[in-house]
Amino acid sequence: MSDPFSEKCCLIIGAGKSGKGAARLLLDRDASVVIFDENEKCDIPAVRGCFREDDDIKVIKGVLPDEIREKASLVVLSPGVPLDSPLVTLLKEEGKEITGEVELAFVCGKGDVLAITGTNGKTTTTTLLGEIMQNHVKERKEGGRVFVVGNIGEPYTLYSGEMEDNSVTVAEISSFQLETVSSFKPYIAAVLNVTPDHLNRHHTMEEYTAAKFRITENQDREDTLVLNYDDPLTRSMGEETEAGVVYFTRDEELDINSVKADFVHIKGREVLFNDRVILSLDEIKLLGTHNHENIMAAVGMAVKYGVSDRVIRDTVAAFTAVEHRIEFVETVNGVDYYNDSKGTNPDAAIKAVLSMVKPTLLIGGGYDKNSTYDEFIQSFGERVKLLVLIGDTAEKIRECAVSHGFTDIIMAKDLKDAVEICHREAVPGDAVLLSPACASWDMFKNYEERGKLFKEFVREL
(Lines give C-alpha, C1' and ligand atoms only; values in the text may rest on other atoms or scores of the structure.)
Protein backbone atom coordinates (compact mmCIF):
# COMPACT_ATOMS: atom_id res chain seq x y z
CA MET A 1 0.00 0.00 0.00
CA SER A 2 1.50 3.34 -1.06
CA ASP A 3 1.95 6.18 1.40
CA PRO A 4 -0.91 8.72 0.97
CA PHE A 5 1.56 11.59 1.33
CA SER A 6 4.11 10.31 -1.19
CA GLU A 7 4.80 12.88 -3.92
CA LYS A 8 2.06 15.13 -2.55
CA CYS A 9 2.70 18.88 -2.73
CA CYS A 10 2.25 20.11 0.84
CA LEU A 11 2.06 23.73 1.97
CA ILE A 12 2.87 24.33 5.64
CA ILE A 13 1.87 27.71 7.05
CA GLY A 14 4.06 28.75 9.95
CA ALA A 15 7.82 28.27 10.29
CA GLY A 16 7.97 27.62 14.03
CA LYS A 17 8.54 24.33 15.86
CA SER A 18 5.21 22.84 14.77
CA GLY A 19 5.70 23.80 11.14
CA LYS A 20 9.20 22.36 11.04
CA GLY A 21 8.00 19.18 12.75
CA ALA A 22 5.22 18.76 10.20
CA ALA A 23 7.68 19.36 7.36
CA ARG A 24 10.08 16.72 8.68
CA LEU A 25 7.28 14.16 8.96
CA LEU A 26 6.02 14.84 5.43
CA LEU A 27 9.51 14.82 3.91
CA ASP A 28 10.14 11.43 5.50
CA ARG A 29 7.02 10.27 3.66
CA ASP A 30 8.39 11.48 0.31
CA ALA A 31 6.19 14.54 0.04
CA SER A 32 7.22 17.81 -1.58
CA VAL A 33 7.09 20.61 1.02
CA VAL A 34 6.85 24.38 1.06
CA ILE A 35 7.03 26.22 4.40
CA PHE A 36 5.45 29.66 4.27
CA ASP A 37 5.53 32.33 6.99
CA GLU A 38 3.96 35.77 6.62
CA ASN A 39 6.43 37.27 9.06
CA GLU A 40 9.04 39.25 7.11
CA LYS A 41 11.50 38.65 9.96
CA CYS A 42 11.47 34.89 9.32
CA ASP A 43 15.08 33.73 8.92
CA ILE A 44 14.86 31.63 5.75
CA PRO A 45 18.44 30.25 5.86
CA ALA A 46 17.99 29.24 9.51
CA VAL A 47 14.73 27.42 8.78
CA ARG A 48 16.14 25.74 5.67
CA GLY A 49 19.21 24.75 7.70
CA CYS A 50 17.02 22.52 9.89
CA PHE A 51 16.67 20.11 6.97
CA ARG A 52 18.98 18.03 4.81
CA GLU A 53 20.41 19.54 1.64
CA ASP A 54 18.67 16.96 -0.53
CA ASP A 55 15.22 17.45 1.09
CA ASP A 56 12.54 18.60 -1.36
CA ILE A 57 11.64 21.73 0.58
CA LYS A 58 11.32 25.46 -0.04
CA VAL A 59 10.96 28.23 2.56
CA ILE A 60 9.10 31.42 1.62
CA LYS A 61 8.19 34.48 3.69
CA GLY A 62 6.06 37.59 3.28
CA VAL A 63 3.62 36.97 0.43
CA LEU A 64 2.74 33.50 -0.85
CA PRO A 65 3.14 33.25 -4.65
CA ASP A 66 -0.04 32.28 -6.49
CA GLU A 67 1.65 29.38 -8.25
CA ILE A 68 2.69 27.82 -4.92
CA ARG A 69 -0.82 28.20 -3.50
CA GLU A 70 -2.44 26.75 -6.61
CA LYS A 71 -0.10 23.78 -6.72
CA ALA A 72 -0.60 22.75 -3.08
CA SER A 73 -2.79 19.70 -2.57
CA LEU A 74 -2.52 19.65 1.25
CA VAL A 75 -2.27 22.63 3.61
CA VAL A 76 -0.99 22.12 7.16
CA LEU A 77 -1.67 24.95 9.58
CA SER A 78 0.57 25.63 12.56
CA PRO A 79 -1.40 26.29 15.77
CA GLY A 80 -0.63 30.02 15.74
CA VAL A 81 -2.40 30.54 12.39
CA PRO A 82 -6.02 31.72 12.85
CA LEU A 83 -8.64 29.88 10.81
CA ASP A 84 -10.22 33.19 9.81
CA SER A 85 -7.03 34.77 8.47
CA PRO A 86 -7.32 36.07 4.87
CA LEU A 87 -4.96 33.41 3.49
CA VAL A 88 -6.70 30.51 5.20
CA THR A 89 -10.08 31.88 4.13
CA LEU A 90 -8.86 31.98 0.51
CA LEU A 91 -7.51 28.44 0.72
CA LYS A 92 -10.86 27.23 2.06
CA GLU A 93 -12.71 28.98 -0.76
CA GLU A 94 -10.43 27.24 -3.25
CA GLY A 95 -11.38 23.87 -1.75
CA LYS A 96 -7.91 23.01 -0.46
CA GLU A 97 -7.53 20.12 1.96
CA ILE A 98 -6.64 21.82 5.24
CA THR A 99 -5.41 20.09 8.36
CA GLY A 100 -3.39 20.88 11.47
CA GLU A 101 -0.15 19.62 12.96
CA VAL A 102 -1.86 17.48 15.63
CA GLU A 103 -4.23 15.86 13.16
CA LEU A 104 -1.33 15.10 10.80
CA ALA A 105 0.69 13.55 13.63
CA PHE A 106 -2.24 11.44 14.80
CA VAL A 107 -2.91 10.08 11.31
CA CYS A 108 0.77 9.14 10.93
CA GLY A 109 1.33 7.90 14.48
CA LYS A 110 0.64 4.59 16.25
CA GLY A 111 -0.10 3.35 19.74
CA ASP A 112 -2.28 4.78 22.52
CA VAL A 113 -2.84 8.52 22.83
CA LEU A 114 -3.51 10.17 26.19
CA ALA A 115 -4.44 13.81 25.54
CA ILE A 116 -4.86 16.72 27.94
CA THR A 117 -6.42 20.11 27.36
CA GLY A 118 -7.78 22.92 29.54
CA THR A 119 -7.11 26.59 30.17
CA ASN A 120 -4.67 26.00 33.01
CA GLY A 121 -2.65 23.10 34.38
CA LYS A 122 -2.01 21.35 31.06
CA THR A 123 1.76 21.37 31.21
CA THR A 124 2.01 20.19 34.83
CA THR A 125 -0.56 17.43 34.28
CA THR A 126 1.03 16.34 31.00
CA THR A 127 4.51 16.24 32.50
CA LEU A 128 3.31 14.31 35.56
CA LEU A 129 1.31 11.82 33.51
CA GLY A 130 4.28 11.39 31.17
CA GLU A 131 6.48 10.40 34.12
CA ILE A 132 3.78 8.05 35.44
CA MET A 133 3.58 6.35 32.05
CA GLN A 134 7.39 6.11 31.80
CA ASN A 135 7.45 4.30 35.14
CA HIS A 136 4.49 2.14 34.14
CA VAL A 137 6.28 0.98 30.99
CA LYS A 138 9.40 0.16 33.03
CA GLU A 139 7.35 -1.86 35.52
CA ARG A 140 5.46 -3.67 32.77
CA LYS A 141 8.71 -4.72 31.06
CA GLU A 142 6.95 -5.27 27.74
CA GLY A 143 8.86 -2.66 25.76
CA GLY A 144 7.32 0.35 24.11
CA ARG A 145 8.27 4.01 24.26
CA VAL A 146 6.52 6.92 25.90
CA PHE A 147 6.37 10.20 23.98
CA VAL A 148 5.45 13.46 25.76
CA VAL A 149 4.51 15.91 23.02
CA GLY A 150 2.33 18.76 21.84
CA ASN A 151 1.83 22.22 23.26
CA ILE A 152 4.33 21.32 25.99
CA GLY A 153 7.08 22.29 23.53
CA GLU A 154 7.85 19.07 21.62
CA PRO A 155 5.97 18.94 18.30
CA TYR A 156 3.78 15.84 17.99
CA THR A 157 4.77 15.51 14.33
CA LEU A 158 8.45 15.34 15.21
CA TYR A 159 7.95 11.96 16.88
CA SER A 160 4.91 10.36 15.25
CA GLY A 161 7.09 8.62 12.66
CA GLU A 162 8.91 6.80 15.48
CA MET A 163 5.76 5.48 17.15
CA GLU A 164 4.88 1.78 17.22
CA ASP A 165 1.75 -0.12 18.18
CA ASN A 166 2.97 -0.43 21.79
CA SER A 167 3.89 3.26 22.09
CA VAL A 168 2.14 5.60 24.51
CA THR A 169 1.80 9.25 23.56
CA VAL A 170 0.99 11.78 26.28
CA ALA A 171 -0.01 14.99 24.50
CA GLU A 172 -0.74 18.49 25.74
CA ILE A 173 -3.27 19.87 23.28
CA SER A 174 -4.27 23.54 23.04
CA SER A 175 -7.54 24.99 21.79
CA PHE A 176 -5.63 26.30 18.75
CA GLN A 177 -4.54 22.75 17.90
CA LEU A 178 -8.03 21.33 18.45
CA GLU A 179 -9.54 23.73 15.91
CA THR A 180 -8.05 21.69 13.06
CA VAL A 181 -8.63 18.08 14.18
CA SER A 182 -10.97 15.80 12.26
CA SER A 183 -10.14 12.15 13.10
CA PHE A 184 -8.11 12.76 16.29
CA LYS A 185 -9.31 10.16 18.80
CA PRO A 186 -7.45 9.83 22.10
CA TYR A 187 -7.88 6.61 24.05
CA ILE A 188 -8.02 8.70 27.24
CA ALA A 189 -8.56 12.47 27.23
CA ALA A 190 -8.90 15.10 29.94
CA VAL A 191 -10.36 18.60 30.03
CA LEU A 192 -8.99 20.20 33.19
CA ASN A 193 -10.96 23.48 33.24
CA VAL A 194 -12.31 26.18 30.94
CA THR A 195 -11.92 29.83 31.94
CA PRO A 196 -11.68 32.95 29.74
CA ASP A 197 -8.52 32.96 27.60
CA HIS A 198 -7.49 33.58 23.98
CA LEU A 199 -10.69 35.51 23.32
CA ASN A 200 -8.77 37.61 20.80
CA ARG A 201 -8.55 34.38 18.77
CA HIS A 202 -11.80 32.54 19.62
CA HIS A 203 -13.89 35.74 20.07
CA THR A 204 -16.47 34.21 22.46
CA MET A 205 -16.43 31.82 25.42
CA GLU A 206 -18.83 29.59 23.49
CA GLU A 207 -16.36 29.19 20.64
CA TYR A 208 -13.47 28.66 23.04
CA THR A 209 -15.39 26.00 24.99
CA ALA A 210 -16.45 24.28 21.77
CA ALA A 211 -12.79 24.10 20.69
CA LYS A 212 -11.87 22.39 23.97
CA PHE A 213 -14.72 19.90 23.61
CA ARG A 214 -13.36 18.76 20.24
CA ILE A 215 -10.85 16.61 22.13
CA THR A 216 -13.67 14.10 22.68
CA GLU A 217 -15.74 14.46 19.50
CA ASN A 218 -14.47 11.18 18.03
CA GLN A 219 -14.29 9.19 21.27
CA ASP A 220 -16.64 6.25 21.80
CA ARG A 221 -17.60 3.92 24.66
CA GLU A 222 -14.21 2.22 24.53
CA ASP A 223 -12.50 5.51 25.37
CA THR A 224 -12.38 7.63 28.54
CA LEU A 225 -12.88 11.34 29.19
CA VAL A 226 -11.61 12.77 32.50
CA LEU A 227 -13.38 15.97 33.57
CA ASN A 228 -13.29 18.55 36.35
CA TYR A 229 -16.59 18.15 38.22
CA ASP A 230 -16.08 21.47 40.02
CA ASP A 231 -16.05 23.44 36.75
CA PRO A 232 -19.61 23.78 35.35
CA LEU A 233 -18.39 23.95 31.75
CA THR A 234 -16.33 20.77 31.94
CA ARG A 235 -18.92 18.96 34.06
CA SER A 236 -21.52 19.53 31.33
CA MET A 237 -19.23 17.85 28.80
CA GLY A 238 -19.80 14.58 30.66
CA GLU A 239 -23.42 14.64 29.52
CA GLU A 240 -22.50 15.14 25.86
CA THR A 241 -19.59 12.76 25.25
CA GLU A 242 -19.89 9.18 24.00
CA ALA A 243 -16.87 8.19 26.11
CA GLY A 244 -16.87 6.71 29.58
CA VAL A 245 -16.50 9.54 32.11
CA VAL A 246 -14.23 9.94 35.12
CA TYR A 247 -14.74 13.10 37.16
CA PHE A 248 -12.29 14.65 39.60
CA THR A 249 -13.39 16.94 42.40
CA ARG A 250 -12.21 18.72 45.53
CA ASP A 251 -15.72 18.58 47.00
CA GLU A 252 -15.51 16.18 49.94
CA GLU A 253 -19.29 15.84 50.18
CA LEU A 254 -19.72 14.07 46.84
CA ASP A 255 -19.98 10.31 46.59
CA ILE A 256 -20.18 7.83 43.75
CA ASN A 257 -23.99 7.78 43.87
CA SER A 258 -24.26 11.56 43.42
CA VAL A 259 -21.64 11.72 40.68
CA LYS A 260 -22.94 8.60 38.87
CA ALA A 261 -19.53 7.89 37.36
CA ASP A 262 -16.04 6.91 38.45
CA PHE A 263 -14.41 9.80 40.23
CA VAL A 264 -11.19 10.93 41.85
CA HIS A 265 -11.60 12.99 44.99
CA ILE A 266 -9.89 14.22 48.14
CA LYS A 267 -11.04 13.05 51.55
CA GLY A 268 -9.15 14.54 54.43
CA ARG A 269 -5.53 14.38 53.26
CA GLU A 270 -5.98 11.43 50.89
CA VAL A 271 -6.60 11.17 47.15
CA LEU A 272 -9.02 8.39 46.29
CA PHE A 273 -10.25 6.75 43.09
CA ASN A 274 -13.85 5.98 44.04
CA ASP A 275 -13.33 4.42 47.51
CA ARG A 276 -9.73 3.30 46.92
CA VAL A 277 -6.93 5.34 48.50
CA ILE A 278 -4.22 6.13 45.92
CA LEU A 279 -1.91 8.52 47.81
CA SER A 280 -1.65 11.08 50.60
CA LEU A 281 -1.34 14.81 49.98
CA ASP A 282 1.32 14.84 52.68
CA GLU A 283 3.60 12.99 50.23
CA ILE A 284 3.50 15.57 47.42
CA LYS A 285 5.96 18.41 46.75
CA LEU A 286 3.79 20.66 44.54
CA LEU A 287 2.61 24.03 45.91
CA GLY A 288 -1.04 25.10 45.66
CA THR A 289 -4.47 23.49 45.75
CA HIS A 290 -4.74 23.91 41.98
CA ASN A 291 -2.02 21.25 41.74
CA HIS A 292 -4.29 18.89 43.67
CA GLU A 293 -6.61 19.12 40.64
CA ASN A 294 -3.73 18.41 38.25
CA ILE A 295 -2.75 15.39 40.34
CA MET A 296 -6.33 14.08 40.44
CA ALA A 297 -6.64 14.38 36.66
CA ALA A 298 -3.39 12.46 36.14
CA VAL A 299 -4.49 9.83 38.68
CA GLY A 300 -7.81 9.34 36.86
CA MET A 301 -6.09 8.91 33.50
CA ALA A 302 -3.44 6.57 34.90
CA VAL A 303 -5.89 4.35 36.78
CA LYS A 304 -8.07 3.97 33.68
CA TYR A 305 -4.97 3.01 31.68
CA GLY A 306 -4.20 0.26 34.17
CA VAL A 307 -1.21 1.77 35.96
CA SER A 308 -0.61 0.26 39.40
CA ASP A 309 -1.37 2.32 42.49
CA ARG A 310 2.25 1.95 43.60
CA VAL A 311 3.63 3.48 40.40
CA ILE A 312 1.13 6.35 40.60
CA ARG A 313 1.88 7.04 44.27
CA ASP A 314 5.67 6.85 43.92
CA THR A 315 5.73 9.03 40.80
CA VAL A 316 3.49 11.73 42.24
CA ALA A 317 5.50 11.76 45.48
CA ALA A 318 8.76 12.32 43.57
CA PHE A 319 7.36 14.94 41.18
CA THR A 320 8.43 18.58 41.48
CA ALA A 321 7.13 21.72 39.75
CA VAL A 322 7.69 22.11 36.03
CA GLU A 323 9.81 24.99 34.78
CA HIS A 324 8.03 28.37 34.69
CA ARG A 325 5.07 27.20 36.84
CA ILE A 326 5.45 28.56 40.40
CA GLU A 327 9.08 27.49 40.09
CA PHE A 328 11.32 28.38 43.02
CA VAL A 329 14.35 30.27 41.69
CA GLU A 330 16.53 31.57 44.50
CA THR A 331 16.53 33.14 47.94
CA VAL A 332 18.30 36.52 47.84
CA ASN A 333 18.82 38.44 51.09
CA GLY A 334 16.04 36.47 52.77
CA VAL A 335 13.58 37.01 49.89
CA ASP A 336 12.23 34.01 47.93
CA TYR A 337 11.83 34.47 44.14
CA TYR A 338 9.31 32.40 42.14
CA ASN A 339 9.01 32.11 38.36
CA ASP A 340 5.42 31.66 37.16
CA SER A 341 5.95 32.93 33.63
CA LYS A 342 3.46 30.30 32.45
CA GLY A 343 0.77 32.26 34.26
CA THR A 344 -0.34 33.67 30.91
CA ASN A 345 -3.94 34.47 31.86
CA PRO A 346 -5.68 35.87 34.95
CA ASP A 347 -7.00 32.53 36.19
CA ALA A 348 -3.53 30.94 36.12
CA ALA A 349 -2.04 33.95 37.89
CA ILE A 350 -4.77 33.82 40.56
CA LYS A 351 -3.77 30.24 41.34
CA ALA A 352 -0.16 31.33 41.74
CA VAL A 353 -1.09 34.25 44.00
CA LEU A 354 -3.20 31.98 46.20
CA SER A 355 -0.21 29.62 46.52
CA MET A 356 1.91 32.29 48.18
CA VAL A 357 2.28 32.03 51.95
CA LYS A 358 4.56 35.06 52.47
CA PRO A 359 3.97 38.79 51.82
CA THR A 360 4.39 38.98 48.05
CA LEU A 361 5.70 41.49 45.54
CA LEU A 362 3.98 40.57 42.27
CA ILE A 363 5.28 41.28 38.76
CA GLY A 364 2.45 41.33 36.20
CA GLY A 365 1.56 42.57 32.74
CA GLY A 366 2.27 41.66 29.14
CA TYR A 367 0.47 41.06 25.83
CA ASP A 368 -3.26 41.81 25.83
CA LYS A 369 -5.54 38.85 24.99
CA ASN A 370 -8.68 40.91 25.71
CA SER A 371 -8.73 39.62 29.28
CA THR A 372 -10.29 41.36 32.28
CA TYR A 373 -8.38 41.60 35.56
CA ASP A 374 -10.98 42.21 38.27
CA GLU A 375 -10.82 38.73 39.78
CA PHE A 376 -7.02 38.78 39.52
CA ILE A 377 -6.87 41.98 41.62
CA GLN A 378 -9.50 40.69 44.05
CA SER A 379 -7.39 37.59 44.71
CA PHE A 380 -4.60 39.69 46.24
CA GLY A 381 -6.20 39.92 49.68
CA GLU A 382 -3.49 40.43 52.29
CA ARG A 383 -0.95 38.44 50.26
CA VAL A 384 0.20 41.01 47.69
CA LYS A 385 1.97 44.03 49.19
CA LEU A 386 3.24 45.53 45.94
CA LEU A 387 2.27 45.19 42.26
CA VAL A 388 4.99 45.92 39.69
CA LEU A 389 3.68 46.20 36.13
CA ILE A 390 5.31 45.87 32.70
CA GLY A 391 4.20 45.46 29.09
CA ASP A 392 1.23 46.43 26.95
CA THR A 393 -1.35 45.76 29.65
CA ALA A 394 0.42 47.66 32.44
CA GLU A 395 -1.89 50.67 32.36
CA LYS A 396 -5.02 48.52 31.91
CA ILE A 397 -4.13 46.44 34.99
CA ARG A 398 -3.16 49.55 36.97
CA GLU A 399 -6.53 51.17 36.30
CA CYS A 400 -8.33 47.98 37.29
CA ALA A 401 -6.31 47.69 40.51
CA VAL A 402 -7.00 51.31 41.48
CA SER A 403 -10.72 50.84 40.82
CA HIS A 404 -10.64 48.05 43.42
CA GLY A 405 -8.75 50.17 45.93
CA PHE A 406 -5.30 48.65 45.42
CA THR A 407 -2.79 51.46 44.95
CA ASP A 408 0.60 49.99 45.94
CA ILE A 409 1.75 49.92 42.32
CA ILE A 410 5.00 50.72 40.55
CA MET A 411 5.26 50.89 36.74
CA ALA A 412 8.52 49.38 35.43
CA LYS A 413 10.08 49.95 32.03
CA ASP A 414 10.90 46.26 31.44
CA LEU A 415 11.36 42.93 33.23
CA LYS A 416 14.90 43.66 34.39
CA ASP A 417 13.75 46.94 35.89
CA ALA A 418 10.84 45.12 37.58
CA VAL A 419 13.20 42.62 39.21
CA GLU A 420 15.45 45.43 40.43
CA ILE A 421 12.47 47.32 41.86
CA CYS A 422 11.36 44.22 43.76
CA HIS A 423 14.90 43.68 45.04
CA ARG A 424 14.93 47.25 46.33
CA GLU A 425 11.47 47.16 47.91
CA ALA A 426 11.43 43.65 49.43
CA VAL A 427 12.47 42.85 52.99
CA PRO A 428 13.60 39.50 54.46
CA GLY A 429 10.62 37.17 54.76
CA ASP A 430 8.95 38.46 51.58
CA ALA A 431 8.46 36.62 48.29
CA VAL A 432 8.72 37.96 44.74
CA LEU A 433 6.45 36.30 42.20
CA LEU A 434 6.51 36.72 38.42
CA SER A 435 2.99 35.76 37.37
CA PRO A 436 2.03 38.11 34.54
CA ALA A 437 -1.65 37.13 33.96
CA CYS A 438 -0.83 37.90 30.31
CA ALA A 439 0.88 36.35 27.32
CA SER A 440 4.50 37.27 26.61
CA TRP A 441 4.38 38.26 22.95
CA ASP A 442 4.62 42.02 23.46
CA MET A 443 8.22 41.82 24.78
CA PHE A 444 9.38 38.20 24.40
CA LYS A 445 9.25 35.30 21.92
CA ASN A 446 7.32 33.15 24.38
CA TYR A 447 6.73 32.60 28.08
CA GLU A 448 9.82 30.37 28.25
CA GLU A 449 12.08 33.23 27.21
CA ARG A 450 10.38 35.52 29.72
CA GLY A 451 10.85 32.99 32.51
CA LYS A 452 14.48 32.26 31.67
CA LEU A 453 15.33 35.98 31.62
CA PHE A 454 13.57 36.46 34.95
CA LYS A 455 15.73 33.73 36.48
CA GLU A 456 18.87 35.25 34.97
CA PHE A 457 18.00 38.68 36.37
CA VAL A 458 17.29 37.23 39.82
CA ARG A 459 20.58 35.35 39.88
CA GLU A 460 22.44 38.53 38.91
CA LEU A 461 21.15 40.37 42.02
# chains A, B, ... in the order shown; residues from 1 in each chain; ligands from 1

call {"tool": "residues_around", "arguments": {"residues": "Asp309 (chain A)", "least_positions_apart": "6", "cutoff": "10 Å", "atoms": "only C-alpha atoms", "output": "list in words"}}
result
Phe273, Arg276, Val277, Ile278, Leu279, Val299, Ala302, Val303 and Thr315 of chain A

call {"tool": "select_by_dssp", "arguments": {"residues": "region 55-134 of chain A", "states": "alpha helix (DSSP H)", "output": "PyMOL selection string"}}
result
chain A and resi 66-71+86-93+101-108+122-134

call {"tool": "write_last_selection", "arguments": {"atoms": "N, CA and C atoms", "output": "mmCIF file, in the first residue's frame"}}
result
data_model
loop_
_atom_site.group_PDB
_atom_site.id
_atom_site.type_symbol
_atom_site.label_atom_id
_atom_site.label_comp_id
_atom_site.auth_asym_id
_atom_site.auth_seq_id
_atom_site.Cartn_x
_atom_site.Cartn_y
_atom_site.Cartn_z
ATOM 1 N N ASP A 66 1.171 32.959 -6.034
ATOM 2 C CA ASP A 66 -0.043 32.280 -6.494
ATOM 3 C C ASP A 66 0.250 30.865 -6.980
ATOM 4 N N GLU A 67 1.378 30.707 -7.677
ATOM 5 C CA GLU A 67 1.650 29.381 -8.246
ATOM 6 C C GLU A 67 1.904 28.336 -7.163
ATOM 7 N N ILE A 68 2.474 28.750 -6.040
ATOM 8 C CA ILE A 68 2.690 27.824 -4.919
ATOM 9 C C ILE A 68 1.349 27.443 -4.308
ATOM 10 N N ARG A 69 0.510 28.446 -4.086
ATOM 11 C CA ARG A 69 -0.816 28.196 -3.495
ATOM 12 C C ARG A 69 -1.647 27.282 -4.381
ATOM 13 N N GLU A 70 -1.623 27.536 -5.676
ATOM 14 C CA GLU A 70 -2.441 26.753 -6.613
ATOM 15 C C GLU A 70 -1.961 25.311 -6.718
ATOM 16 N N LYS A 71 -0.667 25.119 -6.568
ATOM 17 C CA LYS A 71 -0.096 23.778 -6.718
ATOM 18 C C LYS A 71 -0.320 22.899 -5.491
ATOM 19 N N PRO A 86 -7.001 35.940 6.304
ATOM 20 C CA PRO A 86 -7.321 36.066 4.872
ATOM 21 C C PRO A 86 -6.765 34.922 4.027
ATOM 22 N N LEU A 87 -5.544 34.482 4.294
ATOM 23 C CA LEU A 87 -4.958 33.414 3.491
ATOM 24 C C LEU A 87 -5.697 32.099 3.691
ATOM 25 N N VAL A 88 -5.994 31.767 4.930
ATOM 26 C CA VAL A 88 -6.701 30.510 5.200
ATOM 27 C C VAL A 88 -8.112 30.568 4.611
ATOM 28 N N THR A 89 -8.755 31.718 4.716
ATOM 29 C CA THR A 89 -10.084 31.882 4.126
ATOM 30 C C THR A 89 -10.035 31.648 2.618
ATOM 31 N N LEU A 90 -9.018 32.183 1.949
ATOM 32 C CA LEU A 90 -8.858 31.981 0.513
ATOM 33 C C LEU A 90 -8.629 30.506 0.185
ATOM 34 N N LEU A 91 -7.788 29.858 0.957
ATOM 35 C CA LEU A 91 -7.510 28.435 0.715
ATOM 36 C C LEU A 91 -8.765 27.589 0.884
ATOM 37 N N LYS A 92 -9.585 27.944 1.869
ATOM 38 C CA LYS A 92 -10.858 27.233 2.057
ATOM 39 C C LYS A 92 -11.762 27.434 0.853
ATOM 40 N N GLU A 93 -11.845 28.678 0.391
ATOM 41 C CA GLU A 93 -12.709 28.982 -0.759
ATOM 42 C C GLU A 93 -12.261 28.223 -2.001
ATOM 43 N N GLU A 101 -1.322 20.419 12.597
ATOM 44 C CA GLU A 101 -0.149 19.624 12.958
ATOM 45 C C GLU A 101 -0.524 18.421 13.812
ATOM 46 N N VAL A 102 -1.449 18.589 14.757
ATOM 47 C CA VAL A 102 -1.858 17.483 15.630
ATOM 48 C C VAL A 102 -2.595 16.413 14.833
ATOM 49 N N GLU A 103 -3.493 16.832 13.976
ATOM 50 C CA GLU A 103 -4.226 15.859 13.162
ATOM 51 C C GLU A 103 -3.275 15.076 12.263
ATOM 52 N N LEU A 104 -2.309 15.767 11.645
ATOM 53 C CA LEU A 104 -1.329 15.098 10.795
ATOM 54 C C LEU A 104 -0.534 14.072 11.597
ATOM 55 N N ALA A 105 -0.091 14.458 12.790
ATOM 56 C CA ALA A 105 0.694 13.545 13.631
ATOM 57 C C ALA A 105 -0.123 12.335 14.038
ATOM 58 N N PHE A 106 -1.381 12.553 14.387
ATOM 59 C CA PHE A 106 -2.237 11.442 14.803
ATOM 60 C C PHE A 106 -2.447 10.451 13.672
ATOM 61 N N VAL A 107 -2.692 10.948 12.472
ATOM 62 C CA VAL A 107 -2.909 10.079 11.311
ATOM 63 C C VAL A 107 -1.663 9.236 11.028
ATOM 64 N N CYS A 108 -0.488 9.826 11.237
ATOM 65 C CA CYS A 108 0.766 9.136 10.928
ATOM 66 C C CYS A 108 1.294 8.311 12.098
ATOM 67 N N LYS A 122 -2.317 22.357 32.075
ATOM 68 C CA LYS A 122 -2.015 21.349 31.056
ATOM 69 C C LYS A 122 -0.583 20.837 31.143
ATOM 70 N N THR A 123 0.358 21.774 31.265
ATOM 71 C CA THR A 123 1.764 21.374 31.215
ATOM 72 C C THR A 123 2.140 20.540 32.437
ATOM 73 N N THR A 124 1.704 20.964 33.625
ATOM 74 C CA THR A 124 2.007 20.194 34.832
ATOM 75 C C THR A 124 1.390 18.808 34.747
ATOM 76 N N THR A 125 0.125 18.727 34.352
ATOM 77 C CA THR A 125 -0.559 17.429 34.280
ATOM 78 C C THR A 125 0.066 16.533 33.225
ATOM 79 N N THR A 126 0.406 17.115 32.072
ATOM 80 C CA THR A 126 1.028 16.337 30.999
ATOM 81 C C THR A 126 2.390 15.804 31.431
ATOM 82 N N THR A 127 3.186 16.661 32.051
ATOM 83 C CA THR A 127 4.513 16.236 32.499
ATOM 84 C C THR A 127 4.408 15.140 33.546
ATOM 85 N N LEU A 128 3.505 15.318 34.512
ATOM 86 C CA LEU A 128 3.312 14.307 35.558
ATOM 87 C C LEU A 128 2.825 12.991 34.968
ATOM 88 N N LEU A 129 1.817 13.051 34.101
ATOM 89 C CA LEU A 129 1.310 11.816 33.506
ATOM 90 C C LEU A 129 2.379 11.153 32.652
ATOM 91 N N GLY A 130 3.185 11.950 31.953
ATOM 92 C CA GLY A 130 4.283 11.387 31.167
ATOM 93 C C GLY A 130 5.237 10.590 32.041
ATOM 94 N N GLU A 131 5.576 11.123 33.219
ATOM 95 C CA GLU A 131 6.476 10.399 34.121
ATOM 96 C C GLU A 131 5.810 9.147 34.686
ATOM 97 N N ILE A 132 4.514 9.243 34.979
ATOM 98 C CA ILE A 132 3.785 8.047 35.439
ATOM 99 C C ILE A 132 3.834 6.955 34.377
ATOM 100 N N MET A 133 3.601 7.342 33.120
ATOM 101 C CA MET A 133 3.583 6.349 32.052
ATOM 102 C C MET A 133 4.977 5.782 31.795
ATOM 103 N N GLN A 134 6.016 6.609 31.931
ATOM 104 C CA GLN A 134 7.390 6.105 31.801
ATOM 105 C C GLN A 134 7.642 5.017 32.846
#

call {"tool": "select_by_dssp", "arguments": {"residues": "region 121-356 of chain A", "states": "strand (DSSP E)", "output": "MDAnalysis selection string"}}
result
chainID A and resid 146:150 168:172 188:191 224:228 244:249 262:267 270:273 276:280 327:332 335:339

call {"tool": "closest_residue", "arguments": {"among": "A:Leu362, A:Val271, A:Val353, A:Ile266", "to": "Ser379 (chain A)", "atoms": "only C-alpha atoms"}}
result
A:Val353

call {"tool": "atom_distance", "arguments": {"atom1": "CA of Ile421 (chain A)", "atom2": "CA of Phe454 (chain A)"}}
result
12.9 Å
